Amino acid sequence: MLEDTKIYEAAKYPWSISARRLLKELDISLKEIDADAQALQLARSRLLQALETKESASPERKTSSEFVELTSFFVAKVMVDAIKSMFFRRRWATAEAKRAERYFFKESDLKLAQLATRNFNWQLDPKPTRIAGREFSHRLHFANYLAATAGFHEREWKLVNKRMVSGYVLLRKGDTARVLRAAVEQLLISDVKQVTPPFPPNIQQFYEELEVIVRGRTERMKQEIMGEIIPEAFPPCIQALLGDMAEGKPLSHIARFTITSFLLNVGMDVDSILNLFVKAPDFREDLARYQIEHIAGKRGSTEYTPPACAYLVSTRLCVKKDKYCEFIRHPLAYYRRRRKWIKPKSS
Amino acid sequence: MDKTEEFLKNQFAAYYQRKHEGLTMPPDYEKREFAFFWFTRRGALRHTSFTKKEELIQFIANEGPAHIFYSAAKYRKPDAPQMPLKEWEGANLIFDIDADHLILPCQKLHDRWLCTECSTRGKGQRPEACPNCGAHAFQELKWMCKECLDAAKSEAIKIIEEFLLPDFGIVHKDIMIVFSGHRGYHVHCFTEEVQPLGSAERREIVDYVSGVGLDFLHHGLVDQSYGIPKGPDTRTPGWEQKIARGIKAIFKSPSKISEITQLKASQKEILTRDAASILRQLEESPPRYVMPKGIGKVAWRAIAQFAVEQMGAKVDEPVTTDIHRLIRLPGSLHGKTGFLVKQLDMNSLEKFDPFSDAQVFEGSTEVFVKESPGFSLGNTEYPPMRECECELPLSVAILLLGKGVAIINE
Ligand code: SF4
Ligand SMILES: [Zn+2]
Ligand SMILES: [Zn+2]
């Protein structure tokens, strides 16, 4: 009986610490899941629907048992980790977080607070308060609130439009669920595991199929974003670094700084760059994002430019120097010159 | 080497040799970047770190830097040469309140500018562009007086008493107040919870304390198509209470009504005439927002907006949102004034007078004053001076030398 409620909870919140502990206890291997057609089927629909609509296809317990639900999340996450597409990971995280939010609405105030404290280390208390005719159910420390809502754009989420007392933002139940959803999303985006194929046969087949679908989607996205960027005009040093990244080779700090600042300067956005880094063996989304955003500076005004050729020569990042390099002293200068020549006539 | 710069450097070095108890090392100072600016050299020394306070003291006692900064941020590698390599670990929350960002009548009396293109001169804050030639390059002389420093002080008190303590729940012991050594104050918060906040999150905090983006709908001001508008109540916490107090303050001193630019002249007249009776109704509990005829919703919003502007604190936004910010080390000297960058608490802040309490130099020296405005220092009034070779108290001499309006003759 106890096991049942445990599994029930874990199926609802499969990203939670207790769900992860349970999975460990149950000690299920990918091999076992490979034989479970139901779990694989559910994982597939969860992922595909996330990719298309940012909604989770997880059924409200109609066809599948809680156990299948839990393992389907597990295998879906393995797929997301293995495919290493930031775009895909985001969509999946959004979908799963939205699914969690639906359950949050139904929880008691106390339960919500416990979830937040255990999983996100938040200072969230159930605290029924009535101010100016409005009912508030919780209070959340402003620092937790700000970190969770950093991506919210609507005016009503601005801190200045919240009621704040002694360091705590007062929240209504719906707000609490919404803010928690954002935390779940951030958690799923940043929790990246190094996973590499091959997998057991059925999962392997699933993986290969999925990879094709995701690559197709991301290519389409990339082409839209990269429209004006002309990679053929990148200097040899940058091409070499891109090649290393594609192969998943570890890059030094200087190399990462060089490639990031270069790509930002030619107009690539943070997410697309992040996508290039996903393959790095030591990839951590939060750190990488932080570093890229820092180099990007605030509000798109790129703060840093890549080092000049002289410095790249001395740090051995200048490789396969070509004839165009004779005329320039900076990788960005190389790009600007070459681009003029290569630029397609159509535009 | 320039004699003036040499003199200042030696005076600062000598000061640090004899007195350094006041130097306050920030918490976890080994993880912070220190930076120094010089009298005798251009540029700055950045990306340095210290593992012992004595090392820092010895260094500054030798070098006599003009300005000493440390990073609000903590880093795993504070001495790495470029930001992305330092590995950021969190940062204190800081606010900079500077008379530069306040528009004050006294600035007309003591601030000057000079167009470097056409030599047009003017008083007060420099214009966006030169009125004579349209150039954007100016030389400025910014001075400070009791009035502007008091204005900065009351903004600092406002941030702490209206926002940090009640709304943000930050406790006294986590707040450090520092006189900047020039025209303002710094408020530092060492609270654990704020350390990891990023730039966007800190911008939200600035917006909160300055009332930017505030929407009345969320603070008790409800539009009603007819009848009595419901208004903010002083008994509810947060911004609603501040708006309510701000509105009352307007009707308490009706001369303020004329400052509300969005009101029509006729509306100002009505409101001034009825101020007393409006106030009486606002004092009721719950307050009654009964507006006289001719004061509609638009006017009402303008009044509330004015209240927000009055109650909001004026801080220099980039200082708070820059998570790599360098900020003056308490206990150091300000190279443009020779004033002590002094650590204060709420009690000492109220009484603090920079013109006597931040003075550290004794004795006198002879300098050549090119041109200086009148000012008072210690308990002495100094008249405007022009082209005079004079013997002055050392603290006055250093102020004039630091400001570049006096030199030591060769
Ligand atoms: S010379 Fe400059 S642009 Fe050319 S390969 Fe070397 S570093 Fe790159
Ligand atoms: Zn001019
Ligand atoms: Zn003044």
# chains A, B, ... in the order shown; residues from 1 in each chain; ligands from 1
$ residues_near_ligand --ligand "ligand 3" --cutoff "6 Å" --atoms "only C-alpha atoms and all ligand atoms" --output "list in words"
Cys106, Gln107, Met144, Cys145, Glu147 and Cys148 of chain B
$ residues_near_ligand --ligand "ligand 2" --cutoff "10 Å" --atoms "only C-alpha atoms and all ligand atoms" --output "JSON, numbers by chain"
{"B": [114, 115, 116, 117, 118, 119, 120, 121, 129, 130, 131, 132, 133, 134, 135, 136, 137, 138]}
$ residues_near_ligand --ligand "ligand 1" --cutoff "6 Å" --atoms "only C-alpha atoms and all ligand atoms" --output "PDB file with C-alpha atoms, in the first residue's frame"
ATOM      1  CA  PRO A 235      38.142  32.177 -40.520  1.00  0.00           C
ATOM      2  CA  PRO A 236      40.056  28.884 -40.284  1.00  0.00           C
ATOM      3  CA  CYS A 237      40.625  29.168 -36.519  1.00  0.00           C
ATOM      4  CA  CYS A 309      45.092  36.965 -34.197  1.00  0.00           C
ATOM      5  CA  LEU A 312      45.357  33.374 -30.929  1.00  0.00           C
ATOM      6  CA  CYS A 318      45.406  29.958 -34.889  1.00  0.00           C
ATOM      7  CA  VAL A 319      45.387  26.933 -37.128  1.00  0.00           C
ATOM      8  CA  LYS A 321      45.976  30.031 -41.571  1.00  0.00           C
ATOM      9  CA  CYS A 325      44.606  35.825 -43.131  1.00  0.00           C
ATOM     10  CA  ARG A 329      44.786  40.953 -37.785  1.00  0.00           C
ATOM     11  CA  HIS A 330      41.509  39.937 -36.213  1.00  0.00           C
ATOM     12  CA  PRO A 331      39.150  36.994 -36.823  1.00  0.00           C
ATOM     13  CA  TYR A 334      38.458  38.159 -41.653  1.00  0.00           C
TER      14      TYR A 334
END
$ interface_residues --of "chain B" --to "chain A" --cutoff "8 Å" --atoms "only C-alpha atoms" --output "compact mmCIF listing (two decimals) with all heavy atoms, in the first residue's frame"
# COMPACT_ATOMS: atom_id res chain seq x y z
N PRO B 84 34.96 36.28 -17.85
CA PRO B 84 34.41 34.92 -17.99
C PRO B 84 35.31 33.86 -17.36
O PRO B 84 34.87 32.75 -17.12
CB PRO B 84 34.35 34.72 -19.51
CG PRO B 84 34.36 36.10 -20.07
CD PRO B 84 35.18 36.92 -19.15
N LEU B 85 36.56 34.20 -17.09
CA LEU B 85 37.47 33.21 -16.52
C LEU B 85 37.48 33.22 -15.00
O LEU B 85 38.08 32.38 -14.35
CB LEU B 85 38.90 33.46 -17.03
CG LEU B 85 39.07 33.51 -18.56
CD1 LEU B 85 40.51 33.78 -18.93
CD2 LEU B 85 38.60 32.21 -19.19
N LEU B 165 14.33 47.22 4.93
CA LEU B 165 13.90 46.63 6.21
C LEU B 165 12.47 46.09 6.14
O LEU B 165 12.27 44.89 6.37
CB LEU B 165 14.04 47.65 7.35
CG LEU B 165 15.46 48.13 7.68
CD1 LEU B 165 15.42 49.25 8.71
CD2 LEU B 165 16.34 47.00 8.17
N PRO B 166 11.47 46.91 5.81
CA PRO B 166 10.11 46.38 5.90
C PRO B 166 9.72 45.43 4.77
O PRO B 166 9.20 44.35 5.02
CB PRO B 166 9.22 47.63 5.87
CG PRO B 166 10.02 48.65 5.15
CD PRO B 166 11.47 48.35 5.47
N ASP B 167 9.99 45.79 3.53
CA ASP B 167 9.49 44.99 2.41
C ASP B 167 10.42 43.81 2.11
O ASP B 167 9.98 42.68 1.95
CB ASP B 167 9.33 45.85 1.15
CG ASP B 167 8.23 46.90 1.32
OD1 ASP B 167 7.73 47.04 2.45
OD2 ASP B 167 7.89 47.59 0.34
N PHE B 168 11.71 44.10 2.02
CA PHE B 168 12.65 43.03 1.68
C PHE B 168 13.08 42.21 2.90
O PHE B 168 13.75 41.19 2.76
CB PHE B 168 13.88 43.61 0.96
CG PHE B 168 13.58 44.02 -0.45
CD1 PHE B 168 13.15 45.31 -0.76
CD2 PHE B 168 13.69 43.10 -1.49
CE1 PHE B 168 12.86 45.68 -2.06
CE2 PHE B 168 13.40 43.47 -2.80
CZ PHE B 168 12.98 44.75 -3.08
N GLY B 169 12.70 42.69 4.07
CA GLY B 169 13.00 41.90 5.27
C GLY B 169 14.49 41.72 5.53
O GLY B 169 14.90 40.76 6.18
N ILE B 170 15.29 42.61 5.01
CA ILE B 170 16.73 42.48 5.24
C ILE B 170 17.05 43.03 6.64
O ILE B 170 16.54 44.07 7.03
CB ILE B 170 17.52 43.21 4.13
CG1 ILE B 170 17.30 42.43 2.83
CG2 ILE B 170 19.00 43.31 4.47
CD1 ILE B 170 17.85 43.06 1.60
N GLU B 193 20.70 35.18 0.85
CA GLU B 193 19.75 34.84 -0.22
C GLU B 193 19.93 35.67 -1.49
O GLU B 193 19.53 35.24 -2.56
CB GLU B 193 18.29 34.99 0.26
CG GLU B 193 17.82 33.89 1.19
CD GLU B 193 18.00 34.25 2.65
OE1 GLU B 193 18.78 35.18 2.95
OE2 GLU B 193 17.35 33.60 3.49
N VAL B 194 20.47 36.87 -1.36
CA VAL B 194 20.57 37.71 -2.56
C VAL B 194 21.82 37.38 -3.38
O VAL B 194 21.91 37.76 -4.55
CB VAL B 194 20.58 39.23 -2.24
CG1 VAL B 194 19.35 39.61 -1.46
CG2 VAL B 194 21.84 39.64 -1.52
N LEU B 197 21.60 36.05 -7.08
CA LEU B 197 20.71 36.72 -8.03
C LEU B 197 21.48 37.29 -9.23
O LEU B 197 22.54 37.88 -9.08
CB LEU B 197 19.95 37.84 -7.34
CG LEU B 197 18.95 37.40 -6.26
CD1 LEU B 197 18.28 38.62 -5.65
CD2 LEU B 197 17.92 36.44 -6.83
N GLY B 198 20.92 37.10 -10.40
CA GLY B 198 21.53 37.60 -11.63
C GLY B 198 21.12 39.04 -11.88
O GLY B 198 20.41 39.67 -11.10
N ALA B 200 19.16 40.41 -14.22
CA ALA B 200 17.74 40.67 -14.47
C ALA B 200 16.97 40.70 -13.15
O ALA B 200 16.08 41.54 -12.95
CB ALA B 200 17.16 39.60 -15.39
N GLU B 201 17.31 39.81 -12.23
CA GLU B 201 16.64 39.77 -10.95
C GLU B 201 16.94 41.04 -10.15
O GLU B 201 16.07 41.59 -9.47
CB GLU B 201 17.09 38.55 -10.14
CG GLU B 201 16.57 37.23 -10.66
CD GLU B 201 17.60 36.46 -11.46
OE1 GLU B 201 18.06 37.00 -12.49
OE2 GLU B 201 17.93 35.33 -11.07
N GLU B 204 14.87 43.92 -11.22
CA GLU B 204 13.54 43.88 -10.60
C GLU B 204 13.58 44.55 -9.22
O GLU B 204 12.62 45.21 -8.82
CB GLU B 204 13.06 42.43 -10.46
CG GLU B 204 12.58 41.82 -11.76
CD GLU B 204 11.35 42.54 -12.28
OE1 GLU B 204 10.34 42.60 -11.55
OE2 GLU B 204 11.40 43.06 -13.41
N ILE B 205 14.65 44.36 -8.51
CA ILE B 205 14.78 44.98 -7.19
C ILE B 205 14.89 46.50 -7.33
O ILE B 205 14.26 47.25 -6.59
CB ILE B 205 15.99 44.38 -6.43
CG1 ILE B 205 15.72 42.90 -6.14
CG2 ILE B 205 16.25 45.16 -5.13
CD1 ILE B 205 16.86 42.17 -5.46
N ASP B 207 13.72 48.26 -9.80
CA ASP B 207 12.39 48.71 -10.20
C ASP B 207 11.47 48.79 -8.99
O ASP B 207 10.65 49.70 -8.88
CB ASP B 207 11.79 47.79 -11.27
CG ASP B 207 12.44 47.99 -12.63
OD1 ASP B 207 13.25 48.93 -12.75
OD2 ASP B 207 12.14 47.22 -13.56
N TYR B 208 11.61 47.85 -8.10
CA TYR B 208 10.77 47.87 -6.90
C TYR B 208 11.06 49.12 -6.06
O TYR B 208 10.15 49.87 -5.72
CB TYR B 208 10.97 46.61 -6.05
CG TYR B 208 9.96 46.48 -4.93
CD1 TYR B 208 8.82 45.71 -5.08
CD2 TYR B 208 10.13 47.15 -3.71
CE1 TYR B 208 7.87 45.60 -4.08
CE2 TYR B 208 9.19 47.05 -2.70
CZ TYR B 208 8.06 46.27 -2.89
OH TYR B 208 7.12 46.18 -1.89
N VAL B 209 12.31 49.34 -5.74
CA VAL B 209 12.61 50.47 -4.84
C VAL B 209 12.37 51.82 -5.52
O VAL B 209 12.15 52.82 -4.85
CB VAL B 209 14.04 50.43 -4.25
CG1 VAL B 209 14.29 49.14 -3.51
CG2 VAL B 209 15.09 50.65 -5.33
N GLY B 211 9.93 52.18 -7.91
CA GLY B 211 8.53 52.24 -8.33
C GLY B 211 8.35 52.20 -9.84
O GLY B 211 7.31 52.61 -10.36
N VAL B 212 9.34 51.70 -10.55
CA VAL B 212 9.26 51.64 -12.01
C VAL B 212 8.40 50.46 -12.45
O VAL B 212 8.57 49.35 -11.96
CB VAL B 212 10.67 51.52 -12.63
CG1 VAL B 212 10.60 51.19 -14.11
CG2 VAL B 212 11.44 52.80 -12.41
N GLY B 213 7.48 50.70 -13.36
CA GLY B 213 6.63 49.63 -13.87
C GLY B 213 5.48 49.30 -12.93
O GLY B 213 4.78 48.32 -13.13
N LEU B 214 5.30 50.12 -11.92
CA LEU B 214 4.23 49.85 -10.95
C LEU B 214 2.86 50.07 -11.58
O LEU B 214 2.64 51.04 -12.31
CB LEU B 214 4.42 50.78 -9.74
CG LEU B 214 3.46 50.58 -8.57
CD1 LEU B 214 4.21 50.80 -7.26
CD2 LEU B 214 2.29 51.54 -8.66
N ASP B 215 2.00 49.12 -11.34
CA ASP B 215 0.65 49.18 -11.90
C ASP B 215 -0.33 49.36 -10.74
O ASP B 215 -0.40 48.51 -9.85
CB ASP B 215 0.38 47.87 -12.65
CG ASP B 215 -0.89 47.95 -13.47
OD1 ASP B 215 -1.78 48.75 -13.10
OD2 ASP B 215 -0.99 47.21 -14.46
N HIS B 218 -2.66 46.73 -8.99
CA HIS B 218 -2.20 45.74 -8.02
C HIS B 218 -1.96 46.35 -6.65
O HIS B 218 -1.51 45.69 -5.75
CB HIS B 218 -0.91 45.09 -8.52
CG HIS B 218 -1.08 44.41 -9.84
ND1 HIS B 218 -1.79 43.24 -9.96
CD2 HIS B 218 -0.67 44.75 -11.09
CE1 HIS B 218 -1.79 42.88 -11.24
NE2 HIS B 218 -1.14 43.78 -11.94
N HIS B 219 -2.23 47.63 -6.52
CA HIS B 219 -1.93 48.27 -5.26
C HIS B 219 -3.10 49.09 -4.73
O HIS B 219 -2.93 50.18 -4.20
CB HIS B 219 -0.68 49.14 -5.39
CG HIS B 219 0.53 48.31 -5.69
ND1 HIS B 219 1.17 47.56 -4.74
CD2 HIS B 219 1.18 48.06 -6.85
CE1 HIS B 219 2.18 46.91 -5.30
NE2 HIS B 219 2.20 47.19 -6.58
N GLY B 220 -4.25 48.56 -4.95
CA GLY B 220 -5.41 49.13 -4.28
C GLY B 220 -6.10 50.28 -5.00
O GLY B 220 -7.12 50.76 -4.52
N THR B 236 -2.26 48.70 4.66
CA THR B 236 -1.79 47.51 3.96
C THR B 236 -0.30 47.67 3.64
O THR B 236 0.15 48.75 3.30
CB THR B 236 -2.56 47.29 2.65
OG1 THR B 236 -2.67 48.54 2.01
CG2 THR B 236 -3.90 46.71 2.90
N PRO B 237 0.45 46.58 3.75
CA PRO B 237 1.90 46.68 3.61
C PRO B 237 2.33 46.85 2.15
O PRO B 237 1.52 46.78 1.24
CB PRO B 237 2.39 45.34 4.15
CG PRO B 237 1.26 44.40 3.90
CD PRO B 237 0.01 45.21 4.06
N GLY B 238 3.63 47.06 1.98
CA GLY B 238 4.21 47.13 0.64
C GLY B 238 3.97 48.48 -0.02
O GLY B 238 3.83 49.50 0.65
N TRP B 239 3.88 48.47 -1.32
CA TRP B 239 3.76 49.72 -2.06
C TRP B 239 2.42 50.43 -1.81
O TRP B 239 2.35 51.65 -1.84
CB TRP B 239 3.95 49.47 -3.55
CG TRP B 239 5.31 49.90 -4.01
CD1 TRP B 239 6.35 49.11 -4.34
CD2 TRP B 239 5.76 51.26 -4.16
NE1 TRP B 239 7.43 49.88 -4.69
CE2 TRP B 239 7.10 51.20 -4.60
CE3 TRP B 239 5.18 52.52 -3.98
CZ2 TRP B 239 7.87 52.33 -4.85
CZ3 TRP B 239 5.95 53.66 -4.23
CH2 TRP B 239 7.26 53.56 -4.65
$ residues_around --residues "Gly90 (chain B)" --least-positions-apart "3" --cutoff "12 Å" --atoms "only C-alpha atoms" --output "PyMOL selection string"
chain B and resi 28+31-32+71-76+86-87+93+190-199+322-325
$ write_last_selection --atoms "C-alpha atoms" --output "PDB file, in the first residue's frame"
ATOM      1  CA  ASP B  28      35.161  36.599   2.046  1.00  0.00           C
ATOM      2  CA  LYS B  31      37.379  35.770  -3.171  1.00  0.00           C
ATOM      3  CA  ARG B  32      37.023  39.320  -4.383  1.00  0.00           C
ATOM      4  CA  SER B  71      34.188  43.599  -6.320  1.00  0.00           C
ATOM      5  CA  ALA B  72      30.690  43.133  -4.989  1.00  0.00           C
ATOM      6  CA  ALA B  73      31.059  39.678  -6.506  1.00  0.00           C
ATOM      7  CA  LYS B  74      32.879  36.679  -5.149  1.00  0.00           C
ATOM      8  CA  TYR B  75      34.866  34.558  -7.572  1.00  0.00           C
ATOM      9  CA  ARG B  76      36.597  31.228  -7.512  1.00  0.00           C
ATOM     10  CA  LYS B  86      36.911  34.360 -12.959  1.00  0.00           C
ATOM     11  CA  GLU B  87      34.066  31.940 -12.207  1.00  0.00           C
ATOM     12  CA  LEU B  93      23.346  43.571  -3.453  1.00  0.00           C
ATOM     13  CA  PHE B 190      25.320  40.935   2.506  1.00  0.00           C
ATOM     14  CA  THR B 191      22.202  38.796   2.886  1.00  0.00           C
ATOM     15  CA  GLU B 192      22.885  35.199   1.902  1.00  0.00           C
ATOM     16  CA  GLU B 193      19.747  34.841  -0.219  1.00  0.00           C
ATOM     17  CA  VAL B 194      20.571  37.710  -2.562  1.00  0.00           C
ATOM     18  CA  GLN B 195      24.041  36.455  -3.459  1.00  0.00           C
ATOM     19  CA  PRO B 196      23.095  34.227  -6.411  1.00  0.00           C
ATOM     20  CA  LEU B 197      20.715  36.721  -8.034  1.00  0.00           C
ATOM     21  CA  GLY B 198      21.526  37.602 -11.626  1.00  0.00           C
ATOM     22  CA  SER B 199      21.381  40.929 -13.355  1.00  0.00           C
ATOM     23  CA  ASP B 322      26.045  44.921 -12.673  1.00  0.00           C
ATOM     24  CA  ILE B 323      26.958  41.679 -10.928  1.00  0.00           C
ATOM     25  CA  HIS B 324      30.674  42.341 -11.428  1.00  0.00           C
ATOM     26  CA  ARG B 325      30.589  45.851 -10.017  1.00  0.00           C
TER      27      ARG B 325
END
$ select_by_dssp --residues "region 40-252 of chain A" --states "strand (DSSP E or B)" --output "PyMOL selection string"
chain A and resi 124-131+134-141+164-165+168-171
$ closest_residue --among "A:Arg21, A:Arg178, A:Arg284, A:Arg215" --to "Ser85 (chain A)" --atoms "only C-alpha atoms"
A:Arg215
$ closest_residue --among "B:Phe251, B:Lys146, B:Phe95, B:Ser210" --to "Asp353 (chain B)" --atoms "only C-alpha atoms"
B:Lys146
$ residues_around --residues "Gly267 (chain A)" --least-positions-apart "3" --cutoff "9 Å" --atoms "only C-alpha atoms" --output "ChimeraX atom specification"
/A:226,228-229,262-264
$ decode --residues "region 120-129 of chain A" --atoms "all heavy atoms" --output "short mmCIF file (atom, residue, chain, number, x, y, z; two decimals), in the first residue's frame"
data_model
loop_
_atom_site.label_atom_id
_atom_site.label_comp_id
_atom_site.auth_asym_id
_atom_site.auth_seq_id
_atom_site.Cartn_x
_atom_site.Cartn_y
_atom_site.Cartn_z
N PHE A 120 13.34 22.33 -4.24
CA PHE A 120 14.02 23.53 -4.73
C PHE A 120 14.65 24.34 -3.62
O PHE A 120 15.18 25.41 -3.85
CB PHE A 120 13.04 24.40 -5.53
CG PHE A 120 12.36 23.64 -6.62
CD1 PHE A 120 11.00 23.39 -6.58
CD2 PHE A 120 13.11 23.13 -7.68
CE1 PHE A 120 10.38 22.66 -7.59
CE2 PHE A 120 12.50 22.40 -8.68
CZ PHE A 120 11.14 22.16 -8.64
N ASN A 121 14.55 23.82 -2.41
CA ASN A 121 15.15 24.51 -1.29
C ASN A 121 14.58 25.92 -1.12
O ASN A 121 15.29 26.86 -0.76
CB ASN A 121 16.66 24.59 -1.53
CG ASN A 121 17.41 24.61 -0.23
OD1 ASN A 121 16.79 24.54 0.84
ND2 ASN A 121 18.71 24.72 -0.30
N TRP A 122 13.33 26.06 -1.42
CA TRP A 122 12.68 27.36 -1.33
C TRP A 122 12.19 27.67 0.08
O TRP A 122 11.88 26.76 0.85
CB TRP A 122 11.45 27.38 -2.23
CG TRP A 122 11.76 27.71 -3.66
CD1 TRP A 122 13.00 27.88 -4.21
CD2 TRP A 122 10.82 27.88 -4.70
NE1 TRP A 122 12.88 28.15 -5.55
CE2 TRP A 122 11.56 28.15 -5.87
CE3 TRP A 122 9.43 27.83 -4.77
CZ2 TRP A 122 10.94 28.39 -7.09
CZ3 TRP A 122 8.82 28.06 -5.99
CH2 TRP A 122 9.57 28.34 -7.13
N GLN A 123 12.11 28.95 0.36
CA GLN A 123 11.44 29.38 1.57
C GLN A 123 10.01 29.74 1.18
O GLN A 123 9.70 30.88 0.88
CB GLN A 123 12.16 30.58 2.19
CG GLN A 123 13.62 30.28 2.51
CD GLN A 123 14.33 31.50 3.07
OE1 GLN A 123 13.76 32.26 3.85
NE2 GLN A 123 15.58 31.70 2.67
N LEU A 124 9.18 28.72 1.14
CA LEU A 124 7.77 28.89 0.77
C LEU A 124 6.91 28.37 1.92
O LEU A 124 7.05 27.22 2.32
CB LEU A 124 7.45 28.11 -0.51
CG LEU A 124 5.99 28.13 -0.98
CD1 LEU A 124 5.59 29.48 -1.52
CD2 LEU A 124 5.75 27.06 -2.05
N ASP A 125 6.07 29.24 2.47
CA ASP A 125 5.21 28.81 3.58
C ASP A 125 3.76 28.95 3.19
O ASP A 125 3.38 29.91 2.52
CB ASP A 125 5.40 29.72 4.81
CG ASP A 125 6.86 29.90 5.16
OD1 ASP A 125 7.59 28.91 5.10
OD2 ASP A 125 7.25 31.05 5.46
N PRO A 126 2.92 28.02 3.65
CA PRO A 126 1.49 28.22 3.49
C PRO A 126 1.08 29.31 4.47
O PRO A 126 1.45 29.24 5.64
CB PRO A 126 0.88 26.88 3.89
CG PRO A 126 1.95 26.13 4.60
CD PRO A 126 3.27 26.78 4.37
N LYS A 127 0.43 30.34 3.99
CA LYS A 127 0.11 31.43 4.89
C LYS A 127 -1.13 32.15 4.37
O LYS A 127 -1.01 33.12 3.61
CB LYS A 127 1.28 32.41 4.99
CG LYS A 127 1.16 33.35 6.19
CD LYS A 127 2.46 34.06 6.44
CE LYS A 127 2.51 34.69 7.81
NZ LYS A 127 1.48 35.71 8.06
N PRO A 128 -2.29 31.67 4.76
CA PRO A 128 -3.51 32.32 4.27
C PRO A 128 -3.57 33.76 4.76
O PRO A 128 -3.44 34.01 5.95
CB PRO A 128 -4.63 31.49 4.89
CG PRO A 128 -3.98 30.35 5.58
CD PRO A 128 -2.54 30.60 5.71
N THR A 129 -3.67 34.69 3.83
CA THR A 129 -3.73 36.11 4.18
C THR A 129 -4.80 36.76 3.33
O THR A 129 -4.97 36.38 2.17
CB THR A 129 -2.38 36.81 3.86
OG1 THR A 129 -1.32 35.96 4.24
CG2 THR A 129 -2.26 38.14 4.55
#
